[in-house]
Each structure stands twice: as C-alpha cells, then as structure tokens.
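final-v9.cif follows (mmCIF, C-alpha atoms):
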```
data_start
loop_
_atom_site.label_atom_id
_atom_site.label_comp_id
_atom_site.auth_asym_id
_atom_site.auth_seq_id
_atom_site.Cartn_x
_atom_site.Cartn_y
_atom_site.Cartn_z
CA LYS A 140 1.20 -1.01 -19.91
CA ASN A 141 2.77 -2.02 -16.59
CA ARG A 142 4.81 0.46 -14.65
CA SER A 143 8.37 -0.70 -14.13
CA PRO A 144 9.47 -1.13 -10.50
CA LEU A 145 11.20 2.00 -9.30
CA VAL A 146 14.26 2.45 -7.16
CA LEU A 147 13.45 5.50 -5.11
CA PRO A 148 16.11 8.09 -4.23
CA PRO A 149 17.33 8.37 -0.64
CA PRO A 150 15.48 10.89 1.53
CA ARG A 151 16.74 14.43 1.45
CA PRO A 152 17.20 16.47 4.62
CA ALA A 153 13.91 17.37 6.25
CA ASN A 154 14.27 21.08 5.59
CA SER A 155 14.69 20.48 1.87
CA PHE A 156 11.02 19.42 1.69
CA GLU A 157 9.61 22.57 3.23
CA VAL A 158 7.84 24.20 0.32
CA ALA A 159 5.45 26.85 1.53
CA GLY A 160 2.21 27.19 -0.35
CA MET A 161 2.68 24.23 -2.70
CA PRO A 162 -0.84 22.97 -3.49
CA LEU A 163 -1.90 19.36 -3.07
CA ASP A 164 -3.18 17.96 -6.36
CA TYR A 165 -6.36 15.94 -5.76
CA SER A 166 -7.62 16.19 -9.35
CA LYS A 167 -5.47 13.51 -10.95
CA TRP A 168 -8.00 10.72 -10.46
CA ASP A 169 -11.26 12.56 -11.11
CA LYS A 170 -12.00 10.79 -14.41
CA VAL A 171 -12.24 7.25 -13.12
CA GLY A 172 -14.66 6.29 -15.87
CA ASP A 173 -12.05 6.55 -18.64
CA ASP A 174 -11.82 3.05 -20.11
CA SER A 175 -9.02 3.75 -22.56
CA ASP A 176 -6.65 1.52 -20.60
CA ASP A 177 -9.08 -1.23 -19.66
CA GLU A 178 -7.12 -3.90 -21.51
CA ALA A 179 -3.80 -3.07 -19.88
CA LYS A 180 -2.25 -5.55 -17.48
CA PRO A 181 -2.32 -5.02 -13.72
CA ASN A 182 0.40 -2.91 -12.18
CA LYS A 183 3.22 -4.69 -10.42
CA PRO A 184 3.74 -3.83 -6.75
CA LYS A 185 7.16 -3.25 -5.30
CA ALA A 186 8.86 -6.23 -3.69
CA ALA A 187 9.36 -6.28 0.05
CA ALA A 188 12.71 -7.23 1.48
CA PRO A 189 12.40 -9.73 4.30
CA ALA A 190 14.63 -7.69 6.58
CA LYS A 191 13.74 -7.02 10.19
CA PRO A 192 11.40 -3.99 10.29
CA ALA A 193 12.71 -0.73 11.69
CA SER A 194 10.81 1.45 14.14
CA ARG A 195 7.22 2.21 13.12
CA SER A 196 6.84 5.20 15.39
CA GLU A 197 8.23 7.72 12.92
CA PRO A 198 5.92 9.87 10.77
CA ALA A 199 5.63 9.37 7.03
CA GLU A 200 8.54 10.84 5.14
CA ALA A 201 10.35 10.52 1.85
CA PRO A 202 10.72 6.79 1.11
CA ALA A 203 14.17 5.31 1.42
CA PRO A 204 15.50 2.91 -1.20
CA ALA A 205 14.76 -0.75 -0.49
CA PRO A 206 16.56 -3.82 -1.81
CA ALA A 207 14.26 -5.78 -4.10
CA LEU A 208 13.32 -9.38 -3.44
CA ALA A 209 13.80 -11.16 -6.76
CA GLN A 210 10.67 -12.77 -8.12
CA SER A 211 12.62 -15.93 -8.88
CA GLU A 212 13.81 -16.25 -5.29
CA ASP A 213 12.14 -19.05 -3.35
CA MET A 214 9.97 -17.73 -0.58
CA SER A 215 10.90 -19.07 2.82
CA ALA A 216 8.44 -21.07 4.86
CA GLU A 217 8.00 -18.06 7.10
CA HIS A 218 6.35 -16.06 4.30
CA LYS A 219 4.08 -18.99 3.45
CA ARG A 220 2.87 -19.62 6.98
CA PRO A 221 -0.93 -19.90 7.20
CA LEU A 222 -2.47 -16.81 8.81
CA ASP A 223 -5.73 -18.40 9.91
CA ASP A 224 -5.03 -17.26 13.46
CA ALA A 225 -5.29 -13.59 12.50
CA PRO A 226 -7.77 -11.71 14.71
CA ASP A 227 -10.74 -9.97 13.09
CA ILE A 228 -10.34 -6.37 12.02
CA GLU A 229 -11.97 -4.20 14.67
CA LEU A 230 -12.22 -0.42 14.59
CA PRO A 231 -11.16 1.96 15.93
CA GLU A 232 -8.64 -0.28 17.76
CA GLY A 233 -8.00 -3.99 17.90
CA ALA A 234 -5.43 -6.76 18.17
CA TRP A 235 -5.24 -7.04 14.38
CA THR A 236 -2.81 -4.12 14.05
CA LYS A 237 -0.35 -5.75 16.46
CA TYR A 238 -0.74 -9.02 14.58
CA TYR A 239 -0.01 -7.20 11.31
CA THR A 240 3.21 -5.67 12.58
CA GLU A 241 4.52 -8.43 14.84
CA SER A 242 3.24 -11.73 13.45
CA MET A 243 3.50 -11.11 9.71
CA THR A 244 6.58 -10.79 7.54
CA ALA A 245 7.21 -7.80 5.27
CA PRO A 246 6.12 -9.72 2.12
CA GLN A 247 2.95 -10.81 3.93
CA ARG A 248 2.19 -7.22 4.88
CA MET A 249 2.70 -6.09 1.27
CA GLN A 250 0.61 -8.98 -0.09
CA THR A 251 -2.20 -8.06 2.30
CA MET A 252 -2.25 -4.45 1.13
CA VAL A 253 -2.22 -5.59 -2.50
CA HIS A 254 -5.30 -7.77 -1.98
CA LEU A 255 -7.13 -5.12 0.02
CA TRP A 256 -6.49 -2.58 -2.75
CA ASN A 257 -7.66 -5.00 -5.44
CA SER A 258 -10.86 -5.77 -3.51
CA ALA A 259 -11.94 -2.11 -3.62
CA VAL A 260 -13.84 -0.46 -6.47
CA GLN A 261 -12.18 2.38 -8.36
CA GLU A 262 -14.12 5.13 -6.62
CA GLU A 263 -12.86 3.80 -3.28
CA ARG A 264 -9.31 3.67 -4.58
CA VAL A 265 -9.56 7.36 -5.40
CA ASP A 266 -10.60 7.99 -1.80
CA PHE A 267 -7.67 5.89 -0.56
CA LEU A 268 -5.19 7.90 -2.63
CA ARG A 269 -6.57 11.23 -1.47
CA HIS A 270 -6.48 10.05 2.13
CA LEU A 271 -2.89 8.89 1.66
CA ILE A 272 -1.97 12.36 0.43
CA ASP A 273 -3.40 13.80 3.64
CA ILE A 274 -1.45 11.28 5.72
CA ILE A 275 1.83 12.03 3.96
CA GLY A 276 1.32 15.76 4.38
CA ASN A 277 4.20 16.56 2.03
CA PRO A 278 3.35 17.91 -1.45
CA GLN A 279 6.80 17.17 -2.84
CA ILE A 280 6.17 13.49 -2.20
CA SER A 281 2.44 13.23 -2.80
CA ASN A 282 2.53 15.27 -6.03
CA ARG A 283 4.85 12.64 -7.51
CA ILE A 284 2.02 10.10 -7.32
CA LYS A 285 0.83 9.41 -10.85
CA GLY A 286 -2.64 10.40 -11.95
CA GLY A 287 -5.13 8.98 -14.39
CA GLN A 288 -6.68 5.59 -14.86
CA GLU A 289 -3.42 3.64 -14.74
CA ILE A 290 -2.80 4.24 -11.06
CA LEU A 291 -6.26 2.90 -10.17
CA LYS A 292 -5.80 -0.53 -11.72
CA ASP A 293 -5.43 -3.83 -9.89
CA LEU A 294 -1.99 -4.66 -8.60
CA ASP A 295 -0.40 -7.89 -9.81
CA THR A 296 -0.90 -10.45 -7.03
CA SER A 297 1.47 -12.94 -8.69
CA PHE A 298 4.41 -10.71 -7.75
CA TYR A 299 4.20 -12.22 -4.26
CA ASP A 300 3.19 -15.66 -5.48
CA GLY A 301 3.02 -18.10 -2.59
CA VAL A 302 3.03 -15.45 0.12
CA THR A 303 0.10 -15.82 2.51
CA TYR A 304 -2.24 -13.12 3.80
CA PRO A 305 -5.32 -13.08 6.10
CA ALA A 306 -8.04 -13.94 3.58
CA LYS A 307 -10.80 -13.18 6.08
CA TRP A 308 -9.53 -9.60 6.34
CA VAL A 309 -9.96 -9.17 2.60
CA ASP A 310 -13.41 -10.77 2.61
CA ASN A 311 -14.59 -8.56 5.47
CA PHE A 312 -13.01 -5.48 3.90
CA LYS A 313 -14.67 -6.12 0.55
CA ASP A 314 -18.13 -7.24 1.62
CA LYS A 315 -18.89 -5.62 4.96
CA MET A 316 -16.98 -2.36 5.41
CA PRO A 317 -18.19 1.07 4.32
CA THR A 318 -15.66 3.21 2.47
CA ALA A 319 -15.00 5.37 5.54
CA ASP A 320 -13.92 2.32 7.53
CA LYS A 321 -11.78 1.07 4.65
CA LYS A 322 -9.90 4.36 4.67
CA VAL A 323 -9.22 3.92 8.39
CA VAL A 324 -7.93 0.39 7.80
CA PHE A 325 -5.56 1.56 5.06
CA GLU A 326 -4.37 4.42 7.25
CA LYS A 327 -3.60 2.11 10.18
CA LEU A 328 -1.79 -0.37 7.96
CA PHE A 329 0.27 2.32 6.24
CA LYS A 330 1.21 4.07 9.48
CA SER A 331 2.28 0.76 11.02
CA LEU A 332 4.86 0.15 8.28
CA ASP A 333 8.49 1.10 8.74
CA ASN A 334 9.96 3.70 6.37
CA GLN A 335 11.38 1.10 4.00
CA GLU A 336 8.00 -0.56 3.60
CA ARG A 337 6.28 2.79 3.17
CA GLY A 338 8.76 3.44 0.38
CA LEU A 339 7.63 0.25 -1.34
CA VAL A 340 4.00 1.34 -1.15
CA LEU A 341 4.72 4.84 -2.43
CA GLY A 342 7.05 3.56 -5.15
CA THR A 343 4.20 1.49 -6.57
CA LEU A 344 2.20 4.69 -7.01
CA MET A 345 4.91 6.82 -8.63
#
```
Could I get this structure in the form of structure tokens?
Amino acid sequence: KNRSPLVLPPPRPANSFEVAGMPLDYSKWDKVGDDSDDEAKPNKPKAAAPAKPASRSEPAEAPAPAPALAQSEDMSAEHKRPLDDAPDIELPEGAWTKYYTESMTAPQRMQTMVHLWNSAVQEERVDFLRHLIDIIGNPQISNRIKGGQEILKDLDTSFYDGVTYPAKWVDNFKDKMPTADKKVVFEKLFKSLDNQERGLVLGTLM
C-alpha cells in the first residue's frame, strides 16, 4: 500500500529538539528479507517545488513544509532539459556536486535521488537510512522515519514523469560503486539540498 504524501509541520525552535539521552533506533530495517509486502506498489516520492533554492550551507534540521507540484501540472522545458553534459561522479570531491546544485532544477534533483535509491539493493538502502540518521543527528526527526519492509521499496519514478536526470550517474552508481562510496554520494547530495528539499526527502520516509 502506497504511503500518502505528507505535509510536514513547520520546524520548531531549535531548543525544542534538545532531548538528552534519546536513543537512535537503527533496528527498524533489520528484517529486510520479509516478503509480506512484495506485491505492494512502489512508494510515491514527495514533489519538488520549482522555486529558487535557498542557502545550502545550513545543517540538517526539521523539514519545513513545501508546496507540492501537482502531478497534472505540465513540466516546463527547464525540467526536461537533457543532462548529458553532467560531469562524472568523482569522490571525494568533483564538479558533479556543483552541477547538481547549480545546473539542475529541484525536480531534477529529486528525480535523480529517486533513481539512485531504486538502483540500490535493499541491504544498501538500509545502510543509506542508517547513514542518513547519523547525518541528521536529531532523534526526534530520525525516529519518525518508518521502519519495516515498506520503507525499503522502490520509489515511484512516474511521479516526476518527464523530468530528466543524469542517467550515467545512475549507471555508474549501480554497476561500479561499492556501498561505502554510494553512502558518500547520498550524503553529498542530501547535504547540498536546501531545507525545503531536505523536507521532501525526509517526508517520503515518514
């Protein structure tokens, strides 16, 4: 059963999230072999608003609410622009991160993350989620991430139908990268997002 898109609450004051001693729950995705939901449809990602991105220098925090981009809305030519000129992903640093933030629209960035997620096997997705928890560093946010098999399913790529993404990134990510490098890629992409876009990513997981 698909999760319905969520409208996340506005962030509370920073001091309201200071909960000393609250444990981080890494055990939610331990049983990745449970096939009870195998026939369920892919989860739908949150829609990215094509607004101008805010500053990406701020640390991860509680996601702010983001206006949804209606699925029936025609995508502008900007979101459909071919991304064949994207540089190769190089670690630890490379021009690809600047390309991601400055040459791609918000829907293109979301579509890219959707395809990268879908290209990974379930065990890798568990590693991605655990690494995301470490990046967030806030149990009151990360403990809201759902557990179980449902959260590890493919995301619905048709949600951003027509939006382009760097296909060679996905091919390289899927076929050539070890899991440790994939975690670094996801970390760099997530940290490069503005708070609104981070909210879209986190909302898909809650």
Subject >> Selection result for the PyMOL selection byres ((chain A and resi 263) around 10) on this file, as an MDAnalysis selection string >> reply: chainID A and resid 256 258:262 264:269 291 317:319 321:322
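Proximity to stretch 225-235 of chain A at 7 Å, evaluated using all atoms listed in the file and with sequence-adjacent residues fewer than 4 positions away removed, yields A:Tyr239, A:Pro305, A:Trp308.
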Original post:
Between atom CA of A:Leu294 and atom CA of A:Val253, what is the spacing in Å?
Top reply: 6.2 Å
**OP:** Enter the distance from atom CA of A:Asp223 to atom CA of A:Asn334, in Å, rounded to one decimal.
**Re:** 27.3 Å
**OP:** Identify all residues satisfying the PyMOL selection byres ((chain A and resi 271) around 12) in the given file; provide them as a PyMOL selection string.
**Re:** chain A and resi 163+165+199+264-270+272-278+280-282+284+322-330+337+340-341+344
Could you write those residues out with C-alpha atoms, as a PDB file, keeping the file's coordinate frame?
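Result saved to result_20.pdb:
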```
ATOM      1  CA  LEU A 163      -1.900  19.360  -3.070  1.00  0.00           C
ATOM      2  CA  TYR A 165      -6.360  15.940  -5.760  1.00  0.00           C
ATOM      3  CA  ALA A 199       5.630   9.370   7.030  1.00  0.00           C
ATOM      4  CA  ARG A 264      -9.310   3.670  -4.580  1.00  0.00           C
ATOM      5  CA  VAL A 265      -9.560   7.360  -5.400  1.00  0.00           C
ATOM      6  CA  ASP A 266     -10.600   7.990  -1.800  1.00  0.00           C
ATOM      7  CA  PHE A 267      -7.670   5.890  -0.560  1.00  0.00           C
ATOM      8  CA  LEU A 268      -5.190   7.900  -2.630  1.00  0.00           C
ATOM      9  CA  ARG A 269      -6.570  11.230  -1.470  1.00  0.00           C
ATOM     10  CA  HIS A 270      -6.480  10.050   2.130  1.00  0.00           C
ATOM     11  CA  ILE A 272      -1.970  12.360   0.430  1.00  0.00           C
ATOM     12  CA  ASP A 273      -3.400  13.800   3.640  1.00  0.00           C
ATOM     13  CA  ILE A 274      -1.450  11.280   5.720  1.00  0.00           C
ATOM     14  CA  ILE A 275       1.830  12.030   3.960  1.00  0.00           C
ATOM     15  CA  GLY A 276       1.320  15.760   4.380  1.00  0.00           C
ATOM     16  CA  ASN A 277       4.200  16.560   2.030  1.00  0.00           C
ATOM     17  CA  PRO A 278       3.350  17.910  -1.450  1.00  0.00           C
ATOM     18  CA  ILE A 280       6.170  13.490  -2.200  1.00  0.00           C
ATOM     19  CA  SER A 281       2.440  13.230  -2.800  1.00  0.00           C
ATOM     20  CA  ASN A 282       2.530  15.270  -6.030  1.00  0.00           C
ATOM     21  CA  ILE A 284       2.020  10.100  -7.320  1.00  0.00           C
ATOM     22  CA  LYS A 322      -9.900   4.360   4.670  1.00  0.00           C
ATOM     23  CA  VAL A 323      -9.220   3.920   8.390  1.00  0.00           C
ATOM     24  CA  VAL A 324      -7.930   0.390   7.800  1.00  0.00           C
ATOM     25  CA  PHE A 325      -5.560   1.560   5.060  1.00  0.00           C
ATOM     26  CA  GLU A 326      -4.370   4.420   7.250  1.00  0.00           C
ATOM     27  CA  LYS A 327      -3.600   2.110  10.180  1.00  0.00           C
ATOM     28  CA  LEU A 328      -1.790  -0.370   7.960  1.00  0.00           C
ATOM     29  CA  PHE A 329       0.270   2.320   6.240  1.00  0.00           C
ATOM     30  CA  LYS A 330       1.210   4.070   9.480  1.00  0.00           C
ATOM     31  CA  ARG A 337       6.280   2.790   3.170  1.00  0.00           C
ATOM     32  CA  VAL A 340       4.000   1.340  -1.150  1.00  0.00           C
ATOM     33  CA  LEU A 341       4.720   4.840  -2.430  1.00  0.00           C
ATOM     34  CA  LEU A 344       2.200   4.690  -7.010  1.00  0.00           C
TER      35      LEU A 344
END
```
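Going from atom CA of A:Leu255 to atom CA of A:Met345 covers 19.0 Å.
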**OP:** Given the file shown, determine the residues that the PyMOL selection byres ((chain A and resi 242) around 12) selects; report them as a PyMOL selection string.
**Re:** chain A and resi 191-192+217-218+220-226+234-241+243-248+304-305
Could the residues in this selection be written to a file with C-alpha atoms, as a PDB file, in the frame of the given file?
```pdb
ATOM      1  CA  LYS A 191      13.740  -7.020  10.190  1.00  0.00           C
ATOM      2  CA  PRO A 192      11.400  -3.990  10.290  1.00  0.00           C
ATOM      3  CA  GLU A 217       8.000 -18.060   7.100  1.00  0.00           C
ATOM      4  CA  HIS A 218       6.350 -16.060   4.300  1.00  0.00           C
ATOM      5  CA  ARG A 220       2.870 -19.620   6.980  1.00  0.00           C
ATOM      6  CA  PRO A 221      -0.930 -19.900   7.200  1.00  0.00           C
ATOM      7  CA  LEU A 222      -2.470 -16.810   8.810  1.00  0.00           C
ATOM      8  CA  ASP A 223      -5.730 -18.400   9.910  1.00  0.00           C
ATOM      9  CA  ASP A 224      -5.030 -17.260  13.460  1.00  0.00           C
ATOM     10  CA  ALA A 225      -5.290 -13.590  12.500  1.00  0.00           C
ATOM     11  CA  PRO A 226      -7.770 -11.710  14.710  1.00  0.00           C
ATOM     12  CA  ALA A 234      -5.430  -6.760  18.170  1.00  0.00           C
ATOM     13  CA  TRP A 235      -5.240  -7.040  14.380  1.00  0.00           C
ATOM     14  CA  THR A 236      -2.810  -4.120  14.050  1.00  0.00           C
ATOM     15  CA  LYS A 237      -0.350  -5.750  16.460  1.00  0.00           C
ATOM     16  CA  TYR A 238      -0.740  -9.020  14.580  1.00  0.00           C
ATOM     17  CA  TYR A 239      -0.010  -7.200  11.310  1.00  0.00           C
ATOM     18  CA  THR A 240       3.210  -5.670  12.580  1.00  0.00           C
ATOM     19  CA  GLU A 241       4.520  -8.430  14.840  1.00  0.00           C
ATOM     20  CA  MET A 243       3.500 -11.110   9.710  1.00  0.00           C
ATOM     21  CA  THR A 244       6.580 -10.790   7.540  1.00  0.00           C
ATOM     22  CA  ALA A 245       7.210  -7.800   5.270  1.00  0.00           C
ATOM     23  CA  PRO A 246       6.120  -9.720   2.120  1.00  0.00           C
ATOM     24  CA  GLN A 247       2.950 -10.810   3.930  1.00  0.00           C
ATOM     25  CA  ARG A 248       2.190  -7.220   4.880  1.00  0.00           C
ATOM     26  CA  TYR A 304      -2.240 -13.120   3.800  1.00  0.00           C
ATOM     27  CA  PRO A 305      -5.320 -13.080   6.100  1.00  0.00           C
TER      28      PRO A 305
END
```
